[in-house]
$ cat protein.cif   # mmCIF, C-alpha atoms and all ligand atoms
data_final
loop_
_atom_site.label_atom_id
_atom_site.label_comp_id
_atom_site.auth_asym_id
_atom_site.auth_seq_id
_atom_site.Cartn_x
_atom_site.Cartn_y
_atom_site.Cartn_z
CA SER G 193 40.43 22.88 -10.84
CA CYS G 194 40.74 19.17 -11.56
CA ASN G 195 38.72 18.29 -8.50
CA VAL G 196 35.13 17.52 -9.40
CA LYS G 197 33.07 18.17 -6.33
CA LYS G 198 30.08 15.92 -5.95
CA THR G 199 26.90 17.93 -5.44
CA TYR G 200 23.49 16.69 -4.31
CA LYS G 201 20.23 18.58 -4.76
CA ILE G 202 17.93 18.36 -1.76
CA CYS G 203 14.33 19.48 -1.88
CA CYS G 204 13.55 20.88 1.58
CA LEU G 205 9.95 21.04 2.79
CA PRO G 206 9.76 22.97 6.10
CA GLY G 207 5.95 22.79 6.28
CA ASP G 208 4.17 23.98 9.41
CA GLY G 209 4.46 24.39 13.17
CA ILE G 210 7.98 23.64 14.40
CA GLY G 211 8.90 22.47 10.86
CA PRO G 212 10.89 25.56 9.80
CA GLU G 213 12.80 25.60 13.11
CA ILE G 214 13.88 21.97 13.07
CA ILE G 215 14.67 21.72 9.36
CA ALA G 216 17.13 24.60 9.77
CA GLU G 217 19.08 22.40 12.20
CA GLY G 218 18.96 19.48 9.77
CA LYS G 219 20.50 21.74 7.11
CA LYS G 220 23.13 22.95 9.56
CA VAL G 221 24.25 19.38 10.22
CA LEU G 222 24.22 18.59 6.48
CA ALA G 223 26.48 21.58 5.86
CA ALA G 224 28.92 20.28 8.48
CA VAL G 225 28.95 16.87 6.79
CA GLY G 226 29.46 18.49 3.38
CA LYS G 227 32.43 20.43 4.69
CA LYS G 228 34.03 17.35 6.22
CA TYR G 229 33.57 15.09 3.19
CA GLY G 230 33.97 17.67 0.41
CA VAL G 231 30.43 17.12 -0.84
CA GLY G 232 28.02 19.89 -1.79
CA PHE G 233 24.42 19.83 -0.57
CA GLU G 234 22.21 22.33 -2.37
CA CYS G 235 19.08 22.78 -0.28
CA ALA G 236 16.11 24.57 -1.85
CA ASP G 237 12.96 25.26 0.19
CA GLU G 238 9.56 24.48 -1.32
CA LEU G 239 6.02 24.84 0.01
CA ILE G 240 3.91 22.01 1.42
CA GLY G 241 1.01 21.60 3.85
CA GLY G 242 -0.66 24.55 5.55
CA ALA G 243 2.06 26.94 4.39
CA ALA G 244 1.26 25.96 0.80
CA ILE G 245 -2.49 26.29 1.38
CA ASP G 246 -1.94 29.83 2.68
CA ALA G 247 0.29 30.77 -0.26
CA CYS G 248 -1.52 29.08 -3.14
CA GLY G 249 -4.63 27.30 -1.87
CA ASN G 250 -3.10 23.87 -2.52
CA PRO G 251 -1.27 21.64 0.01
CA LEU G 252 1.02 20.30 -2.73
CA PRO G 253 1.65 22.91 -5.45
CA ASP G 254 2.88 21.63 -8.85
CA GLY G 255 6.16 23.51 -8.36
CA THR G 256 6.90 21.53 -5.20
CA LEU G 257 6.26 18.21 -6.92
CA GLU G 258 8.47 19.20 -9.87
CA ALA G 259 11.27 20.29 -7.54
CA ALA G 260 10.97 17.03 -5.58
CA ARG G 261 11.15 14.95 -8.75
CA ALA G 262 14.21 16.88 -9.93
CA SER G 263 16.03 16.44 -6.62
CA ASP G 264 18.29 13.68 -5.28
CA ALA G 265 16.31 13.43 -2.04
CA VAL G 266 13.49 15.16 -0.17
CA LEU G 267 13.88 16.36 3.43
CA LEU G 268 10.53 17.05 5.06
CA ALA G 269 9.87 18.52 8.52
CA SER G 270 6.17 18.38 9.45
CA VAL G 271 2.76 19.55 8.27
CA GLY G 272 -0.55 20.52 9.86
CA GLY G 273 -1.94 22.48 12.79
CA PRO G 274 -5.16 23.85 14.27
CA LYS G 275 -5.08 26.83 11.90
CA TRP G 276 -6.19 24.53 9.06
CA ASP G 277 -8.68 22.41 11.02
CA THR G 278 -12.11 22.76 9.46
CA THR G 279 -15.42 20.93 9.32
CA ASP G 280 -15.79 21.74 5.61
CA PRO G 281 -15.11 18.41 3.84
CA ASN G 282 -14.15 20.23 0.63
CA ALA G 283 -11.54 22.52 2.19
CA PRO G 284 -7.90 21.61 1.47
CA ARG G 285 -6.06 19.98 4.40
CA PRO G 286 -2.28 20.08 5.05
CA GLU G 287 -1.99 16.27 5.43
CA GLN G 288 -3.25 15.81 1.85
CA GLY G 289 0.03 17.33 0.67
CA LEU G 290 1.97 14.58 2.41
CA LEU G 291 -0.22 11.72 1.16
CA LYS G 292 -0.07 13.08 -2.38
CA ILE G 293 3.70 13.56 -2.54
CA ARG G 294 4.22 9.99 -1.22
CA LYS G 295 1.90 8.65 -3.91
CA GLU G 296 3.34 10.78 -6.73
CA LEU G 297 6.91 9.76 -5.89
CA GLY G 298 5.87 6.07 -5.77
CA LEU G 299 7.11 5.57 -2.20
CA TYR G 300 6.07 2.01 -1.34
CA THR G 301 8.39 1.38 1.61
CA ASN G 302 8.41 2.99 5.02
CA LEU G 303 11.59 2.54 7.05
CA ARG G 304 11.35 3.24 10.77
CA PRO G 305 14.46 2.76 12.85
CA VAL G 306 13.94 1.96 16.52
CA GLN G 307 17.04 2.63 18.53
CA ILE G 308 17.84 3.32 22.14
CA PHE G 309 20.21 6.05 23.14
CA ALA G 310 21.70 4.79 26.39
CA ALA G 311 21.46 8.25 27.97
CA LEU G 312 17.67 8.24 27.45
CA ALA G 313 17.03 4.59 28.36
CA GLY G 314 15.28 5.62 31.58
CA ALA G 315 12.35 6.90 29.50
CA SER G 316 11.42 3.38 28.39
CA THR G 317 8.78 1.44 30.32
CA LEU G 318 10.73 -1.79 29.72
CA LYS G 319 13.49 -3.01 32.02
CA PRO G 320 17.04 -1.79 31.24
CA GLU G 321 18.31 -5.33 30.60
CA VAL G 322 15.51 -5.90 28.05
CA ILE G 323 16.11 -2.74 26.02
CA ASP G 324 19.89 -2.93 26.21
CA GLY G 325 21.22 -3.02 22.65
CA VAL G 326 17.88 -2.43 20.89
CA ASP G 327 18.60 -1.27 17.34
CA MET G 328 16.08 -2.41 14.75
CA MET G 329 14.52 -1.24 11.53
CA ILE G 330 10.86 -1.80 10.76
CA VAL G 331 10.26 -2.04 7.00
CA ARG G 332 6.56 -1.54 6.30
CA GLU G 333 4.90 -2.06 2.92
CA LEU G 334 2.87 1.06 2.14
CA THR G 335 0.82 0.57 -1.01
CA GLY G 336 -0.99 -2.78 -0.74
CA GLY G 337 -3.03 -4.86 1.66
CA LEU G 338 -6.24 -4.06 3.51
CA TYR G 339 -5.86 -0.28 3.30
CA PHE G 340 -6.18 -0.37 -0.48
CA GLY G 341 -8.48 -3.36 -0.93
CA ARG G 342 -12.05 -3.58 -2.14
CA ARG G 343 -14.46 -2.72 0.66
CA GLU G 344 -18.19 -2.61 1.05
CA ARG G 345 -20.83 -2.22 3.70
CA PHE G 346 -24.41 -3.18 2.98
CA TYR G 347 -27.68 -4.28 4.46
CA ASP G 348 -28.25 -8.02 4.15
CA GLU G 349 -31.90 -9.14 4.18
CA ASP G 350 -30.72 -12.67 4.65
CA GLY G 351 -29.62 -13.34 8.18
CA ALA G 352 -26.76 -10.94 9.02
CA GLY G 353 -28.63 -9.84 12.15
CA ALA G 354 -29.31 -11.80 15.32
CA ASP G 355 -31.67 -14.80 15.04
CA GLY G 356 -31.53 -14.80 11.23
CA LYS G 357 -33.03 -11.32 10.96
CA PRO G 358 -31.78 -8.79 8.37
CA GLY G 359 -28.64 -6.89 9.43
CA GLN G 360 -25.52 -5.15 8.26
CA ARG G 361 -22.54 -6.75 6.54
CA ALA G 362 -19.15 -5.31 5.60
CA TYR G 363 -15.91 -6.60 4.15
CA ASP G 364 -12.37 -5.40 3.34
CA THR G 365 -10.15 -7.43 1.03
CA LEU G 366 -6.49 -8.09 1.72
CA GLU G 367 -4.71 -8.38 -1.60
CA TYR G 368 -1.07 -8.44 -2.68
CA ARG G 369 0.56 -8.71 -6.06
CA GLU G 370 3.78 -10.62 -6.64
CA TYR G 371 5.79 -7.56 -7.67
CA GLU G 372 4.73 -5.65 -4.55
CA ILE G 373 6.18 -8.34 -2.33
CA GLU G 374 9.32 -8.75 -4.44
CA ARG G 375 10.22 -5.07 -4.24
CA ILE G 376 9.59 -4.68 -0.50
CA ALA G 377 11.61 -7.83 0.14
CA ARG G 378 14.55 -6.35 -1.79
CA GLN G 379 14.31 -3.11 0.22
CA ALA G 380 14.45 -5.13 3.43
CA PHE G 381 17.42 -7.27 2.34
CA ASP G 382 19.26 -4.17 1.06
CA ALA G 383 18.67 -2.45 4.42
CA ALA G 384 19.89 -5.57 6.26
CA ARG G 385 23.16 -5.56 4.32
CA LYS G 386 23.77 -2.03 5.65
CA ARG G 387 23.10 -3.26 9.19
CA ARG G 388 23.56 -6.61 11.00
CA SER G 389 22.45 -8.70 8.05
CA LYS G 390 19.35 -10.31 9.55
CA VAL G 391 15.75 -10.09 8.32
CA SER G 392 12.67 -11.18 10.28
CA SER G 393 9.74 -11.52 7.89
CA VAL G 394 6.44 -11.17 9.73
CA ASP G 395 3.25 -12.78 8.41
CA LYS G 396 0.24 -14.87 9.42
CA ALA G 397 0.95 -17.80 7.09
CA ASN G 398 -0.89 -20.28 9.29
CA VAL G 399 -4.15 -18.52 8.39
CA LEU G 400 -3.89 -16.12 5.44
CA GLU G 401 -3.33 -16.97 1.76
CA THR G 402 -1.63 -13.58 1.17
CA SER G 403 0.81 -14.47 3.95
CA ARG G 404 1.60 -17.88 2.42
CA MET G 405 2.38 -16.13 -0.88
CA TRP G 406 4.36 -13.46 1.00
CA ARG G 407 6.50 -16.09 2.71
CA GLU G 408 7.12 -18.00 -0.53
CA ILE G 409 8.18 -14.87 -2.46
CA VAL G 410 10.38 -13.49 0.34
CA HIS G 411 12.22 -16.84 0.45
CA ARG G 412 12.59 -16.99 -3.34
CA ILE G 413 14.14 -13.48 -3.45
CA HIS G 414 16.35 -14.36 -0.49
CA ASP G 415 17.67 -17.62 -1.93
CA ALA G 416 18.30 -16.16 -5.39
CA GLU G 417 19.67 -12.70 -4.54
CA TYR G 418 20.52 -12.41 -0.84
CA PRO G 419 21.74 -15.81 0.42
CA ASP G 420 24.29 -13.98 2.61
CA VAL G 421 21.51 -12.41 4.73
CA GLU G 422 19.98 -14.40 7.61
CA LEU G 423 16.21 -14.82 7.17
CA GLU G 424 13.59 -15.96 9.70
CA ASP G 425 9.79 -16.14 9.51
CA VAL G 426 7.81 -14.91 12.50
CA LEU G 427 4.04 -15.08 12.91
CA VAL G 428 2.64 -11.63 13.65
CA ASP G 429 1.17 -12.57 17.05
CA ASN G 430 4.52 -13.99 18.11
CA ALA G 431 6.30 -10.89 16.74
CA ALA G 432 4.10 -8.62 18.87
CA MET G 433 5.17 -10.63 21.92
CA GLN G 434 8.86 -10.86 21.05
CA LEU G 435 9.07 -7.07 20.47
CA ILE G 436 8.41 -6.66 24.18
CA ASN G 437 10.26 -9.76 25.46
CA ARG G 438 13.47 -9.71 23.45
CA PRO G 439 13.53 -6.59 21.23
CA ALA G 440 17.33 -6.57 20.99
CA THR G 441 17.33 -9.75 18.86
CA PHE G 442 15.62 -8.02 15.92
CA ASP G 443 17.60 -6.31 13.16
CA VAL G 444 15.36 -5.70 10.11
CA VAL G 445 11.65 -6.53 10.45
CA VAL G 446 9.73 -6.60 7.15
CA THR G 447 5.97 -6.86 6.96
CA GLU G 448 2.81 -5.93 5.07
CA ASN G 449 0.94 -2.67 5.46
CA MET G 450 -1.39 -3.22 8.43
CA PHE G 451 0.91 -5.47 10.46
CA GLY G 452 3.61 -2.82 9.91
CA ASP G 453 1.33 -0.01 11.02
CA ILE G 454 0.65 -1.77 14.31
CA LEU G 455 4.12 -3.17 14.98
CA SER G 456 5.94 0.09 14.21
CA ASP G 457 3.89 1.96 16.81
CA GLU G 458 4.50 -0.84 19.31
CA ALA G 459 8.23 -0.81 18.58
CA ALA G 460 8.43 2.99 18.85
CA GLN G 461 7.05 2.77 22.40
CA ILE G 462 10.00 0.60 23.43
CA THR G 463 12.30 3.61 23.21
CA GLY G 464 10.12 5.86 25.32
CA SER G 465 11.24 8.91 23.35
CA LEU G 466 9.06 9.22 20.28
CA GLY G 467 10.49 12.66 19.63
CA MET G 468 13.85 11.06 18.79
CA LEU G 469 12.69 8.84 15.92
CA ALA G 470 13.14 9.45 12.21
CA SER G 471 11.61 7.74 9.20
CA ALA G 472 12.27 7.26 5.51
CA SER G 473 9.89 6.53 2.65
CA LEU G 474 11.54 4.81 -0.29
CA GLY G 475 10.46 3.84 -3.78
CA ASP G 476 12.44 3.24 -6.94
CA GLY G 477 13.44 6.90 -7.37
CA VAL G 478 13.69 9.91 -5.07
CA ALA G 479 13.22 9.07 -1.37
CA LEU G 480 11.68 11.21 1.39
CA TYR G 481 13.03 11.60 4.93
CA GLU G 482 11.17 13.05 7.91
CA PRO G 483 10.87 12.94 11.71
CA SER G 484 8.21 10.53 13.03
CA HIS G 485 6.62 13.22 15.18
CA GLY G 486 4.13 15.86 14.10
CA SER G 487 4.23 19.63 13.78
CA ALA G 488 3.90 20.29 17.54
CA PRO G 489 1.87 23.52 17.07
CA ASP G 490 1.74 24.00 20.86
CA ILE G 491 5.44 24.91 20.96
CA ALA G 492 5.95 26.34 17.44
CA GLY G 493 7.94 29.57 17.16
CA GLN G 494 9.39 29.35 20.70
CA GLY G 495 12.82 27.99 19.77
CA ILE G 496 12.48 25.03 22.13
CA ALA G 497 11.60 22.16 19.75
CA ASN G 498 13.84 19.09 19.70
CA PRO G 499 15.65 18.96 16.32
CA LEU G 500 17.18 15.50 16.87
CA ALA G 501 14.55 13.42 15.01
CA GLN G 502 15.01 15.75 12.04
CA ILE G 503 18.79 15.47 12.33
CA LEU G 504 18.48 11.67 12.48
CA SER G 505 16.36 11.81 9.32
CA VAL G 506 19.37 13.47 7.67
CA GLU G 507 21.44 10.52 8.91
CA MET G 508 19.03 8.18 7.09
CA MET G 509 19.25 10.27 3.92
CA LEU G 510 23.04 9.98 3.87
CA ARG G 511 22.84 6.22 4.45
CA TYR G 512 20.04 5.28 2.07
CA SER G 513 20.09 7.88 -0.72
CA PHE G 514 23.76 8.88 -0.91
CA ASP G 515 25.58 5.76 0.31
CA MET G 516 27.55 7.91 2.78
CA ALA G 517 27.62 5.43 5.65
CA ASP G 518 30.63 7.06 7.35
CA ALA G 519 28.94 10.45 7.39
CA ALA G 520 25.73 8.85 8.67
CA ASP G 521 27.75 7.19 11.46
CA ASP G 522 29.26 10.60 12.29
CA ILE G 523 25.79 12.01 12.88
CA ARG G 524 24.74 9.08 15.03
CA ARG G 525 27.94 9.41 17.07
CA ALA G 526 27.52 13.19 17.45
CA VAL G 527 23.93 12.80 18.70
CA THR G 528 25.02 10.06 21.12
CA GLU G 529 27.83 12.28 22.48
CA VAL G 530 25.53 15.25 22.95
CA LEU G 531 23.08 13.13 24.95
CA ASP G 532 25.84 11.40 26.94
CA GLU G 533 27.10 14.83 27.98
CA GLY G 534 23.68 15.62 29.45
CA LEU G 535 22.58 18.13 26.81
CA ARG G 536 18.78 18.06 26.41
CA THR G 537 15.96 19.96 24.81
CA ARG G 538 13.05 20.52 27.15
CA ASP G 539 11.01 17.50 25.94
CA ILE G 540 13.73 14.99 26.86
CA ALA G 541 15.02 16.71 30.00
CA ASP G 542 14.19 14.49 32.98
CA GLY G 543 16.74 15.36 35.64
CA SER G 544 18.22 11.85 35.44
CA THR G 545 21.79 13.14 35.27
CA PRO G 546 23.44 15.88 37.35
CA ALA G 547 25.19 17.08 34.19
CA GLU G 548 21.85 17.88 32.56
CA LYS G 549 21.66 21.18 30.70
CA THR G 550 18.62 22.36 28.77
CA LEU G 551 19.19 23.89 25.35
CA GLY G 552 17.01 25.51 22.70
CA THR G 553 16.56 24.22 19.15
CA GLU G 554 19.43 26.19 17.57
CA ALA G 555 21.91 25.49 20.35
CA MET G 556 21.17 21.77 20.11
CA GLY G 557 21.78 21.87 16.33
CA ASP G 558 25.06 23.73 16.95
CA GLU G 559 26.22 21.09 19.45
CA VAL G 560 25.59 18.26 16.98
CA ALA G 561 27.12 20.11 14.02
CA LYS G 562 30.29 21.01 15.90
CA ARG G 563 30.87 17.32 16.77
CA ILE G 564 30.79 16.28 13.10
P1 LIG V 1 0.55 14.09 14.15
O1 LIG V 1 0.83 15.45 13.57
O2 LIG V 1 1.39 13.01 13.59
O3 LIG V 1 -0.91 13.79 14.25
P2 LIG V 1 0.36 14.78 16.88
O4 LIG V 1 -0.34 16.01 16.51
O5 LIG V 1 -0.39 13.74 17.62
O6 LIG V 1 1.07 14.16 15.63
P3 LIG V 1 2.85 16.00 17.58
O7 LIG V 1 2.64 17.13 16.67
O8 LIG V 1 3.98 15.08 17.30
O9 LIG V 1 1.59 15.08 17.77
O10 LIG V 1 2.95 16.52 19.07
C1 LIG V 1 2.64 15.72 20.21
C2 LIG V 1 3.30 16.31 21.45
O11 LIG V 1 4.70 16.08 21.36
C3 LIG V 1 3.11 17.82 21.57
O12 LIG V 1 2.96 18.18 22.89
C4 LIG V 1 4.38 18.37 21.00
O13 LIG V 1 4.73 19.62 21.56
C5 LIG V 1 5.41 17.29 21.35
N1 LIG V 1 6.47 17.24 20.34
C6 LIG V 1 6.40 16.65 19.12
N2 LIG V 1 7.53 16.81 18.43
C7 LIG V 1 8.37 17.49 19.23
C8 LIG V 1 9.71 17.97 19.09
N3 LIG V 1 10.44 17.77 17.99
N4 LIG V 1 10.25 18.64 20.14
C9 LIG V 1 9.56 18.85 21.27
N5 LIG V 1 8.31 18.43 21.46
C10 LIG V 1 7.70 17.76 20.45
MG MG V 2 -0.14 17.08 14.68
#
$ encode --input "protein.cif" --output "structure tokens"
Amino acid sequence: SCNVKKTYKICCLPGDGIGPEIIAEGKKVLAAVGKKYGVGFECADELIGGAAIDACGNPLPDGTLEAARASDAVLLASVGGPKWDTTDPNAPRPEQGLLKIRKELGLYTNLRPVQIFAALAGASTLKPEVIDGVDMMIVRELTGGLYFGRRERFYDEDGAGADGKPGQRAYDTLEYREYEIERIARQAFDAARKRRSKVSSVDKANVLETSRMWREIVHRIHDAEYPDVELEDVLVDNAAMQLINRPATFDVVVTENMFGDILSDEAAQITGSLGMLASASLGDGVALYEPSHGSAPDIAGQGIANPLAQILSVEMMLRYSFDMADAADDIRRAVTEVLDEGLRTRDIADGSTPAEKTLGTEAMGDEVAKRI
């Protein structure tokens, strides 16, 4: 045939707990998208986390890393569970697989969308008029800042204790390099162009030298490469307040590692349904997509897990790795429709609509896929 069918290779990492159940629904939705758009998605399962420890004693086997590097994108479900909890500090732990694959793939950006599905708005603790229209993306820098700085704790003979007596001292250094800020700024501006074209850059430039450099570099990149995107600077204390007071005014929020850690958890609470949120980790090559929630070992194997965060991570994959915005919009629309019709998995069922009907994991995946 003369028709060259585009094919993408996806490295699938089911992991542990509910992972295998929810990733199956992500694949189901991908297949529906492939059929609609004439695109092939080749999904190959690889081992990670506890499942990999059980099979080969290593939470990230070499074969998994090779397959991830050779793929166009990585779709991860979740890792960990009580089965691998141990007090032995030398025993392998499932979470090490996740940290290592992020590091090996050079993933320096974490994207966390925060969006409200109107049908679930009642789950938020904020007033309906405040959360109306909330749809933002937190862009967190992942490889620099305090979490990777020099640190030390020591005993100071010279007055660290009360009344000039000897006492303990400790420090952590907050350091950023120019290129680290340049590349995260570009990720944020690129994301903004796929959204409402506004970036709020969060820093503490009235106090910190790293923040003054951050602000300068973000503006330089903006003026030279993204003058079409609206840019504002927000001090982190003010950002924490505005997230609660007027969350709907944010589009893309970009910030350094620790501020991003704190603000993304705060922002996630606005939605009231953590189990609905996806995330993406991006670098300069292959990107990784996963639900924000964990492996939910308490409900694993029962067929009742909510697959929607995983399905929304597939939406992000289409948008950010494959430039298939229409297909991504299809998924978002299908999920919205399913919720508007009152279809719920057990975790998001709250009796707020008379049309409510509780479905299992597979049935929920079917409902989304059939609306693509
Ligand atoms: P982490 O693994 O990130 O430390 P955690 O162990 O604190 O996370 P989860 O594994 O996310 O938390 O589970 C927290 C609670 O939320 C559990 O009761 C779990 O059953 C529930 N939960 C998490 N994800 C889902 C899901 N997709 N569907 C239904 N319930 C979920
Ligand atoms: Mg967990």
$ residues_near_ligand --input "protein.cif" --ligand "ligand MG 2 (chain V)" --cutoff "12 Å" --atoms "all atoms listed in the file" --output "MDAnalysis selection string"
chainID G and resid 207:211 241:242 269:277 286:287 484:492
$ residues_around --input "protein.cif" --residues "Leu535 of chain G" --least-positions-apart "3" --cutoff "8 Å" --atoms "all atoms listed in the file" --output "PyMOL selection string"
chain G and resi 530-532+547-551+556
$ closest_residue --input "protein.cif" --among "G:Gly557, G:Gly467, G:Gly218, G:Gly534" --to "ligand LIG 1 (chain V)" --atoms "all atoms listed in the file"
G:Gly467
$ closest_residue --input "protein.cif" --among "G:Arg378, G:Arg294, G:Arg261, G:Lys220" --to "Ala555 of chain G" --atoms "all atoms listed in the file"
G:Lys220
$ atom_distance --input "protein.cif" --atom1 "atom CA of Thr537 of chain G" --atom2 "atom CA of Asn498 of chain G"
5.6 Å
$ residues_around --input "protein.cif" --residues "Gly230 of chain G" --least-positions-apart "2" --cutoff "12 Å" --atoms "only C-alpha atoms" --output "VMD selection string"
chain G and resid 195 to 200 222 to 228 232 to 233 516 519
$ atom_distance --input "protein.cif" --atom1 "atom CA of Leu318 of chain G" --atom2 "atom CA of Thr441 of chain G"
15.0 Å
$ closest_residue --input "protein.cif" --among "G:Ala283, G:Val446, G:Ile215, G:Val322" --to "ligand LIG 1 (chain V)" --atoms "only C-alpha atoms and all ligand atoms"
G:Ile215
$ atom_distance --input "protein.cif" --atom1 "atom CA of Tyr481 of chain G" --atom2 "atom CA of Ile503 of chain G"
10.1 Å
$ residues_around --input "protein.cif" --residues "Glu533 of chain G" --least-positions-apart "6" --cutoff "12 Å" --atoms "only C-alpha atoms" --output "PyMOL selection string"
chain G and resi 310-312+526-527+544-550+559-560
$ residues_near_point --input "protein.cif" --point "(1.7, -10.1, 12.8)" --cutoff "7 Å" --atoms "all atoms listed in the file" --output "VMD selection string"
chain G and resid 394 to 396 427 to 429 431 to 432 451
$ residues_around --input "protein.cif" --residues "Thr365 of chain G" --least-positions-apart "6" --cutoff "9 Å" --atoms "all atoms listed in the file" --output "PDB file with C-alpha atoms, in the coordinates of the input"
ATOM      1  CA  GLY G 337      -3.030  -4.860   1.660  1.00  0.00           C
ATOM      2  CA  LEU G 338      -6.240  -4.060   3.510  1.00  0.00           C
ATOM      3  CA  TYR G 339      -5.860  -0.280   3.300  1.00  0.00           C
ATOM      4  CA  PHE G 340      -6.180  -0.370  -0.480  1.00  0.00           C
ATOM      5  CA  GLY G 341      -8.480  -3.360  -0.930  1.00  0.00           C
ATOM      6  CA  ARG G 342     -12.050  -3.580  -2.140  1.00  0.00           C
ATOM      7  CA  ARG G 343     -14.460  -2.720   0.660  1.00  0.00           C
TER       8      ARG G 343
END
$ closest_residue --input "protein.cif" --among "G:Ala243, G:Val231, G:Met405, G:Ala497" --to "Glu370 of chain G" --atoms "all atoms listed in the file"
G:Met405
$ closest_residue --input "protein.cif" --among "G:Val478, G:Val391, G:Ala265, G:Leu469" --to "ligand LIG 1 (chain V)" --atoms "only C-alpha atoms and all ligand atoms"
G:Leu469
$ closest_residue --input "protein.cif" --among "G:Asn282, G:Thr553, G:Asn398, G:Ser392" --to "Asp425 of chain G" --atoms "all atoms listed in the file"
G:Ser392
$ residues_around --input "protein.cif" --residues "Asp237 of chain G" --least-positions-apart "6" --cutoff "7 Å" --atoms "all atoms listed in the file" --output "compact mmCIF listing (two decimals) with C-alpha atoms, in the frame of the given file"
# COMPACT_ATOMS: atom_id res chain seq x y z
CA CYS G 203 14.33 19.48 -1.88
CA CYS G 204 13.55 20.88 1.58
CA LEU G 205 9.95 21.04 2.79
$ axis_aligned_box --input "protein.cif" --around "segment 226-241 of chain G" --padding-each-side "3 Å" --output "lines of an AutoDock Vina configuration file"
center_x = 17.5
center_y = 20.2
center_z = 1.9
size_x = 39.0
size_y = 16.2
size_z = 14.6
$ decode --input "protein.cif" --residues "segment 259-288 of chain G" --atoms "C-alpha atoms" --output "short mmCIF file (atom, residue, chain, number, x, y, z; two decimals), in the first residue's frame"
data_model
loop_
_atom_site.label_atom_id
_atom_site.label_comp_id
_atom_site.auth_asym_id
_atom_site.auth_seq_id
_atom_site.Cartn_x
_atom_site.Cartn_y
_atom_site.Cartn_z
CA ALA G 259 13.47 -0.75 26.19
CA ALA G 260 12.57 2.66 27.66
CA ARG G 261 15.45 4.35 25.83
CA ALA G 262 14.44 2.69 22.56
CA SER G 263 10.80 3.75 22.89
CA ASP G 264 8.94 6.92 21.86
CA ALA G 265 7.38 7.31 25.31
CA VAL G 266 7.08 5.47 28.63
CA LEU G 267 3.69 4.77 30.24
CA LEU G 268 4.04 3.86 33.91
CA ALA G 269 1.29 2.75 36.32
CA SER G 270 2.55 2.53 39.91
CA VAL G 271 5.16 0.80 42.06
CA GLY G 272 5.48 -0.38 45.65
CA GLY G 273 3.48 -2.13 48.35
CA PRO G 274 3.76 -3.71 51.79
CA LYS G 275 5.16 -6.91 50.30
CA TRP G 276 8.50 -5.13 49.74
CA ASP G 277 8.59 -3.13 52.98
CA THR G 278 11.67 -4.10 54.96
CA THR G 279 13.88 -2.74 57.71
CA ASP G 280 17.01 -4.03 55.93
CA PRO G 281 18.66 -0.88 54.51
CA ASN G 282 20.48 -2.93 51.87
CA ALA G 283 17.39 -4.67 50.47
CA PRO G 284 16.17 -3.40 47.08
CA ARG G 285 13.05 -1.20 47.24
CA PRO G 286 10.45 -0.74 44.44
CA GLU G 287 10.64 3.09 44.56
CA GLN G 288 14.34 2.95 43.65
#
